[in-house]
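Printed here is input_38.pdb (PDB, C-alpha atoms):
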```pdb
MODEL        1
ATOM      1  CA  MET A 172     235.372 -17.199 330.430
ATOM      2  CA  ASP A 173     236.935 -20.498 331.437
ATOM      3  CA  LEU A 174     238.697 -21.835 328.354
ATOM      4  CA  HIS A 175     240.056 -25.156 329.541
ATOM      5  CA  PHE A 176     237.401 -26.937 327.458
ATOM      6  CA  PRO A 177     235.837 -29.455 329.852
ATOM      7  CA  ILE A 178     233.727 -32.367 328.620
ATOM      8  CA  ALA A 179     230.114 -31.184 328.345
ATOM      9  CA  GLU A 180     227.790 -32.506 331.064
ATOM     10  CA  PRO A 181     224.198 -31.316 330.473
ATOM     11  CA  ASP A 182     221.808 -31.454 333.404
ATOM     12  CA  ALA A 183     218.790 -33.756 333.554
ATOM     13  CA  ALA A 184     216.418 -31.125 332.148
ATOM     14  CA  ALA A 185     218.623 -30.556 329.101
ATOM     15  CA  LEU A 186     219.020 -34.297 328.512
ATOM     16  CA  GLU A 187     215.242 -34.714 328.587
ATOM     17  CA  LYS A 188     214.803 -31.792 326.197
ATOM     18  CA  GLY A 189     217.248 -33.471 323.817
ATOM     19  CA  ARG A 190     215.467 -36.809 324.086
ATOM     20  CA  LEU A 191     212.125 -35.227 323.273
ATOM     21  CA  LEU A 192     213.500 -33.274 320.306
ATOM     22  CA  PHE A 193     214.983 -36.352 318.669
ATOM     23  CA  ALA A 194     212.010 -38.560 319.533
ATOM     24  CA  GLY A 195     210.195 -36.705 316.737
ATOM     25  CA  GLU A 196     210.507 -37.231 312.997
ATOM     26  CA  THR A 197     213.809 -36.563 311.245
ATOM     27  CA  ASP A 198     213.837 -36.713 307.449
ATOM     28  CA  PHE A 199     216.117 -35.894 304.535
ATOM     29  CA  LEU A 200     214.871 -32.665 302.942
ATOM     30  CA  LYS A 201     217.220 -31.796 300.086
ATOM     31  CA  GLY A 202     220.787 -31.522 298.861
ATOM     32  CA  VAL A 203     221.960 -28.047 297.881
ATOM     33  CA  VAL A 204     224.656 -27.089 295.376
ATOM     34  CA  ALA A 205     224.095 -23.302 295.311
ATOM     35  CA  MET A 206     222.844 -20.655 297.714
ATOM     36  CA  ASP A 207     219.651 -20.079 295.727
ATOM     37  CA  GLY A 208     218.700 -23.689 296.468
ATOM     38  CA  MET A 209     218.766 -23.256 300.242
ATOM     39  CA  PRO A 210     215.530 -23.999 302.104
ATOM     40  CA  PRO A 211     213.855 -21.072 303.899
ATOM     41  CA  ASP A 212     215.786 -19.940 306.963
ATOM     42  CA  ASP A 213     212.660 -20.223 309.090
ATOM     43  CA  ARG A 214     214.038 -22.379 311.890
ATOM     44  CA  LEU A 215     217.141 -22.936 313.968
ATOM     45  CA  GLU A 216     219.858 -24.978 312.293
ATOM     46  CA  VAL A 217     223.117 -26.623 313.244
ATOM     47  CA  CYS A 218     225.710 -28.012 310.854
ATOM     48  CA  PHE A 219     228.183 -30.880 311.060
ATOM     49  CA  ALA A 220     231.648 -30.606 309.543
ATOM     50  CA  GLY A 221     234.453 -33.130 309.509
ATOM     51  CA  ARG A 222     237.129 -34.592 307.310
ATOM     52  CA  SER A 223     236.365 -37.679 305.257
ATOM     53  CA  ASN A 224     235.992 -40.910 307.254
ATOM     54  CA  VAL A 225     235.567 -39.104 310.582
ATOM     55  CA  GLY A 226     232.278 -40.922 311.170
ATOM     56  CA  LYS A 227     229.924 -38.031 310.433
ATOM     57  CA  SER A 228     227.162 -40.083 308.822
ATOM     58  CA  SER A 229     227.289 -42.654 311.612
ATOM     59  CA  LEU A 230     226.993 -39.910 314.229
ATOM     60  CA  ILE A 231     224.025 -38.263 312.499
ATOM     61  CA  ASN A 232     222.334 -41.654 312.243
ATOM     62  CA  ALA A 233     222.983 -42.349 315.939
ATOM     63  CA  LEU A 234     221.784 -38.893 316.874
ATOM     64  CA  THR A 235     218.494 -39.309 315.038
ATOM     65  CA  GLY A 236     217.995 -43.008 315.735
ATOM     66  CA  ARG A 237     217.740 -43.635 311.984
ATOM     67  CA  LYS A 238     220.271 -46.207 310.778
ATOM     68  CA  ALA A 239     220.316 -45.105 307.143
ATOM     69  CA  LEU A 240     219.254 -41.450 307.325
ATOM     70  CA  ALA A 241     222.609 -39.900 306.430
ATOM     71  CA  ARG A 242     223.274 -42.385 303.638
ATOM     72  CA  ALA A 243     221.800 -39.800 301.266
ATOM     73  CA  SER A 244     224.897 -37.658 301.663
ATOM     74  CA  ASN A 245     227.157 -40.534 300.631
ATOM     75  CA  THR A 246     225.509 -41.495 297.348
ATOM     76  CA  PRO A 247     227.281 -40.655 294.066
ATOM     77  CA  GLY A 248     226.577 -37.109 292.924
ATOM     78  CA  ARG A 249     225.882 -35.776 296.409
ATOM     79  CA  THR A 250     229.443 -35.687 297.659
ATOM     80  CA  GLN A 251     229.721 -31.915 297.142
ATOM     81  CA  GLU A 252     226.249 -30.984 298.336
ATOM     82  CA  ILE A 253     225.095 -29.442 301.576
ATOM     83  CA  ASN A 254     222.421 -31.821 302.838
ATOM     84  CA  PHE A 255     219.498 -30.616 304.931
ATOM     85  CA  PHE A 256     217.490 -32.795 307.296
ATOM     86  CA  THR A 257     214.348 -31.669 309.097
ATOM     87  CA  CYS A 258     214.278 -32.409 312.832
ATOM     88  CA  ALA A 259     210.805 -32.183 314.359
ATOM     89  CA  ASP A 260     209.275 -28.877 313.217
ATOM     90  CA  SER A 261     211.889 -26.707 314.841
ATOM     91  CA  HIS A 262     215.383 -27.586 313.572
ATOM     92  CA  TYR A 263     217.450 -28.273 310.483
ATOM     93  CA  LEU A 264     220.406 -30.619 310.787
ATOM     94  CA  VAL A 265     222.879 -29.712 308.061
ATOM     95  CA  ASP A 266     225.453 -32.214 306.819
ATOM     96  CA  LEU A 267     228.463 -30.586 305.160
ATOM     97  CA  PRO A 268     230.533 -32.754 302.801
ATOM     98  CA  GLY A 269     233.643 -34.325 304.269
ATOM     99  CA  TYR A 270     236.703 -32.173 303.707
ATOM    100  CA  GLY A 271     240.142 -33.328 302.676
ATOM    101  CA  PHE A 272     240.291 -32.866 298.948
ATOM    102  CA  ALA A 273     243.426 -34.710 297.862
ATOM    103  CA  LYS A 274     241.631 -36.713 295.166
ATOM    104  CA  ALA A 275     239.097 -34.086 294.062
ATOM    105  CA  PRO A 276     239.587 -31.952 290.927
ATOM    106  CA  VAL A 277     240.765 -28.423 291.681
ATOM    107  CA  LYS A 278     237.669 -26.827 290.142
ATOM    108  CA  THR A 279     235.432 -29.063 292.254
ATOM    109  CA  VAL A 280     237.282 -28.051 295.399
ATOM    110  CA  GLU A 281     237.064 -24.358 294.547
ATOM    111  CA  LYS A 282     233.328 -24.585 293.838
ATOM    112  CA  TRP A 283     232.704 -26.392 297.127
ATOM    113  CA  GLN A 284     234.812 -23.917 299.111
ATOM    114  CA  ARG A 285     232.867 -20.991 297.641
ATOM    115  CA  LEU A 286     229.575 -22.645 298.554
ATOM    116  CA  LEU A 287     230.798 -23.429 302.071
ATOM    117  CA  LYS A 288     231.934 -19.844 302.676
ATOM    118  CA  ALA A 289     228.651 -18.480 301.309
ATOM    119  CA  TYR A 290     226.658 -20.840 303.499
ATOM    120  CA  LEU A 291     228.570 -20.066 306.689
ATOM    121  CA  SER A 292     228.355 -16.300 306.182
ATOM    122  CA  GLY A 293     224.831 -16.217 304.807
ATOM    123  CA  ARG A 294     222.592 -18.285 307.111
ATOM    124  CA  ALA A 295     221.143 -16.103 309.840
ATOM    125  CA  THR A 296     219.566 -19.100 311.583
ATOM    126  CA  LEU A 297     222.792 -21.113 311.852
ATOM    127  CA  ARG A 298     223.358 -21.325 315.615
ATOM    128  CA  ARG A 299     226.374 -23.603 315.858
ATOM    129  CA  ALA A 300     228.712 -25.749 313.806
ATOM    130  CA  PHE A 301     229.881 -29.058 315.214
ATOM    131  CA  VAL A 302     233.417 -29.861 314.084
ATOM    132  CA  LEU A 303     234.036 -33.601 314.266
ATOM    133  CA  ILE A 304     237.511 -34.840 315.200
ATOM    134  CA  ASP A 305     238.555 -38.492 315.044
ATOM    135  CA  SER A 306     239.640 -39.661 318.514
ATOM    136  CA  ARG A 307     242.347 -41.803 316.923
ATOM    137  CA  HIS A 308     244.075 -38.867 315.238
ATOM    138  CA  GLY A 309     243.263 -35.569 316.944
ATOM    139  CA  VAL A 310     243.230 -32.207 315.174
ATOM    140  CA  LYS A 311     244.916 -32.215 311.756
ATOM    141  CA  GLU A 312     245.853 -29.345 309.443
ATOM    142  CA  VAL A 313     242.609 -29.641 307.458
ATOM    143  CA  ASP A 314     240.653 -29.346 310.713
ATOM    144  CA  GLU A 315     242.555 -26.170 311.554
ATOM    145  CA  GLU A 316     241.544 -24.777 308.158
ATOM    146  CA  ILE A 317     237.825 -25.309 308.759
ATOM    147  CA  MET A 318     238.105 -23.867 312.283
ATOM    148  CA  THR A 319     239.828 -20.771 310.895
ATOM    149  CA  LEU A 320     237.071 -20.409 308.315
ATOM    150  CA  LEU A 321     234.483 -20.596 311.103
ATOM    151  CA  ASP A 322     236.416 -17.932 313.043
ATOM    152  CA  ARG A 323     236.385 -15.637 310.017
ATOM    153  CA  SER A 324     232.698 -16.317 309.401
ATOM    154  CA  ALA A 325     231.881 -15.586 313.081
ATOM    155  CA  VAL A 326     230.123 -18.943 313.413
ATOM    156  CA  PRO A 327     230.414 -20.479 316.890
ATOM    157  CA  PHE A 328     231.620 -24.067 316.712
ATOM    158  CA  GLN A 329     231.824 -26.912 319.196
ATOM    159  CA  THR A 330     234.276 -29.765 318.876
ATOM    160  CA  VAL A 331     232.942 -33.320 318.906
ATOM    161  CA  LEU A 332     235.351 -36.235 319.206
ATOM    162  CA  THR A 333     234.135 -39.311 317.315
ATOM    163  CA  LYS A 334     235.063 -43.013 317.532
ATOM    164  CA  ALA A 335     236.107 -42.672 321.183
ATOM    165  CA  ASP A 336     235.676 -46.415 321.667
ATOM    166  CA  LYS A 337     238.449 -47.114 319.166
ATOM    167  CA  VAL A 338     241.253 -45.965 321.474
ATOM    168  CA  LYS A 339     242.228 -46.924 325.009
ATOM    169  CA  GLU A 340     241.489 -44.530 327.861
ATOM    170  CA  ALA A 341     245.079 -43.292 328.279
ATOM    171  CA  GLU A 342     245.477 -42.573 324.564
ATOM    172  CA  ARG A 343     242.057 -40.930 324.425
ATOM    173  CA  GLN A 344     243.050 -38.546 327.204
ATOM    174  CA  LYS A 345     246.199 -37.579 325.295
ATOM    175  CA  VAL A 346     244.125 -36.821 322.207
ATOM    176  CA  ILE A 347     241.621 -34.802 324.244
ATOM    177  CA  GLU A 348     244.483 -32.678 325.581
ATOM    178  CA  GLN A 349     245.821 -32.175 322.042
ATOM    179  CA  VAL A 350     242.352 -31.112 320.891
ATOM    180  CA  ARG A 351     241.988 -28.718 323.818
ATOM    181  CA  GLY A 352     245.260 -27.067 322.937
ATOM    182  CA  ALA A 353     244.323 -26.718 319.277
ATOM    183  CA  VAL A 354     240.780 -25.385 319.647
ATOM    184  CA  SER A 355     241.679 -22.950 322.441
ATOM    185  CA  LYS A 356     243.449 -20.841 319.797
ATOM    186  CA  HIS A 357     240.199 -20.237 317.910
ATOM    187  CA  PRO A 358     237.955 -17.367 319.052
ATOM    188  CA  ALA A 359     234.809 -18.990 317.610
ATOM    189  CA  ALA A 360     235.292 -22.202 319.614
ATOM    190  CA  TYR A 361     232.642 -22.936 322.241
ATOM    191  CA  PRO A 362     234.515 -23.906 325.431
ATOM    192  CA  GLU A 363     233.169 -27.420 325.931
ATOM    193  CA  LEU A 364     234.029 -30.688 324.192
ATOM    194  CA  ILE A 365     231.698 -33.577 323.427
ATOM    195  CA  VAL A 366     233.146 -37.107 323.329
ATOM    196  CA  THR A 367     231.151 -39.660 321.353
ATOM    197  CA  SER A 368     231.036 -43.167 319.978
ATOM    198  CA  SER A 369     228.277 -43.861 317.476
ATOM    199  CA  GLU A 370     228.871 -47.603 317.850
ATOM    200  CA  LYS A 371     228.607 -47.606 321.653
ATOM    201  CA  GLY A 372     226.186 -44.700 321.966
ATOM    202  CA  TRP A 373     228.587 -42.661 324.107
ATOM    203  CA  GLY A 374     227.846 -38.955 324.219
ATOM    204  CA  VAL A 375     224.898 -39.126 321.823
ATOM    205  CA  ASP A 376     222.475 -37.951 324.517
ATOM    206  CA  VAL A 377     224.857 -35.109 325.349
ATOM    207  CA  LEU A 378     224.938 -33.920 321.734
ATOM    208  CA  ARG A 379     221.140 -34.128 321.546
ATOM    209  CA  ALA A 380     220.860 -32.027 324.704
ATOM    210  CA  VAL A 381     223.279 -29.387 323.419
ATOM    211  CA  ILE A 382     221.338 -29.043 320.153
ATOM    212  CA  ALA A 383     217.993 -28.904 321.944
ATOM    213  CA  THR A 384     219.100 -26.100 324.233
ATOM    214  CA  LEU A 385     220.460 -23.819 321.484
ATOM    215  CA  ILE A 386     217.402 -21.560 321.561
TER
ENDMDL
END
```
Represent the supplied structure as structure tokens.
Amino acid sequence: MDLHFPIAEPDAAALEKGRLLFAGETDFLKGVVAMDGMPPDDRLEVCFAGRSNVGKSSLINALTGRKALARASNTPGRTQEINFFTCADSHYLVDLPGYGFAKAPVKTVEKWQRLLKAYLSGRATLRRAFVLIDSRHGVKEVDEEIMTLLDRSAVPFQTVLTKADKVKEAERQKVIEQVRGAVSKHPAAYPELIVTSSEKGWGVDVLRAVIATLI
């Protein structure tokens, strides 16, 4: 397998499949704080993970064309929940809380980590995790921790660079190379990157296509 991690370039058929999937209804379903609260695993699901302030909510909103959809995961009391969104009648989009726990109580962190591990190892319909990396900063230690957890949980993950419009082309290429080097060490990493900007719309159609073709 070629592991140089090129930028994903779906073909026209995949792009159209992605457009059609996200042209349907996407709605907030529920926030979950324990495994017994999970919705039925009766459809394909993908999850989004990223450290705080990586732009996860903005990307989910851009992906679904709903400006305030992911706001639910940012309201007080939901910061440590796993949030499920229905996408058409075929997919769940799953928003994992932002990681980076410097200001969170130790017991809160431990509870969240247990729930995250249980979720990643216990959802048979979870097809792929998307690990979001800020284009201004590249892969940090906390990102390595979540990637290692995904390796151990045998959950394939694909790296998505966010906020690509916030850095100049030369600097962005340096960050992409740093990301390639970091993720190539992880056996669960899918060998393609996605580069996005929620503000400019870059790469959103690519991410839609990738999700739509995960059958």
Name the residues that the PyMOL selection byres ((chain A and resi 232-243) around 9) picks from the file above, as a VMD selection string, using the file's chain letters and numbers.
chain A and resid 193 to 199 202 227 to 231 244 to 246 249 254 256 258 266 369 to 370 372 375 to 376 378 to 379
Return as a PyMOL selection string the set of residues that the PyMOL selection byres ((chain A and resi 329-337) around 6) yields on the displayed structure.
chain A and resi 301-306+328+338+360-361+364-368
For a quick check of understanding, using all atoms listed in the file, which of A:Met318, A:Leu264, A:Lys311, A:Pro181 has the smallest distance to A:Thr384?
A:Pro181
Just say which residues the PyMOL selection byres ((chain A and resi 292-296) around 9) picks in this file, as a list in words.
Met206, Asp212, Asp213, Arg214, Leu215, Glu216, Val217, Leu287, Lys288, Ala289, Tyr290, Leu291, Leu297, Arg298, Leu321, Arg323, Ser324, Ala325 and Val326 of chain A
Take the residues just selected and output them with C-alpha atoms as a PDB file, in the frame of the given file.
```
ATOM      1  CA  MET A 206     222.844 -20.655 297.714  1.00  0.00           C
ATOM      2  CA  ASP A 212     215.786 -19.940 306.963  1.00  0.00           C
ATOM      3  CA  ASP A 213     212.660 -20.223 309.090  1.00  0.00           C
ATOM      4  CA  ARG A 214     214.038 -22.379 311.890  1.00  0.00           C
ATOM      5  CA  LEU A 215     217.141 -22.936 313.968  1.00  0.00           C
ATOM      6  CA  GLU A 216     219.858 -24.978 312.293  1.00  0.00           C
ATOM      7  CA  VAL A 217     223.117 -26.623 313.244  1.00  0.00           C
ATOM      8  CA  LEU A 287     230.798 -23.429 302.071  1.00  0.00           C
ATOM      9  CA  LYS A 288     231.934 -19.844 302.676  1.00  0.00           C
ATOM     10  CA  ALA A 289     228.651 -18.480 301.309  1.00  0.00           C
ATOM     11  CA  TYR A 290     226.658 -20.840 303.499  1.00  0.00           C
ATOM     12  CA  LEU A 291     228.570 -20.066 306.689  1.00  0.00           C
ATOM     13  CA  LEU A 297     222.792 -21.113 311.852  1.00  0.00           C
ATOM     14  CA  ARG A 298     223.358 -21.325 315.615  1.00  0.00           C
ATOM     15  CA  LEU A 321     234.483 -20.596 311.103  1.00  0.00           C
ATOM     16  CA  ARG A 323     236.385 -15.637 310.017  1.00  0.00           C
ATOM     17  CA  SER A 324     232.698 -16.317 309.401  1.00  0.00           C
ATOM     18  CA  ALA A 325     231.881 -15.586 313.081  1.00  0.00           C
ATOM     19  CA  VAL A 326     230.123 -18.943 313.413  1.00  0.00           C
TER      20      VAL A 326
END
```
Compile the contact shell of stretch 345-350 of chain A as a PyMOL selection string: residues with an atom at most 8 Å away, counting all atoms listed in the file, same-chain residues fewer than 5 positions apart removed.
chain A and resi 306-310
Distance in Å - atom CA of A:Lys188 versus atom CA of A:Ser261
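These two atoms are separated by 12.8 Å.
Around A:Gly208, within 12 Å and counting all atoms listed in the file, the residues found are Leu200, Lys201, Gly202, Val203, Glu252, Ile253, Asn254, Phe255, Leu286 and Tyr290 of chain A, once anything fewer than 5 positions away on its own chain is removed.
Coordinates place atom CA of A:Asp322 at a distance of 5.0 Å from atom CA of A:Ala359.
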Please give the centre and size of the box around stretch 189-197 of chain A (axis-aligned, containing every atom listed in the file, 5 Å added per side), with values in Å to one decimal and written as AutoDock Vina command-line options.
```
--center_x 213.7 --center_y -35.9 --center_z 317.7 --size_x 17.1 --size_y 15.3 --size_z 22.8
```
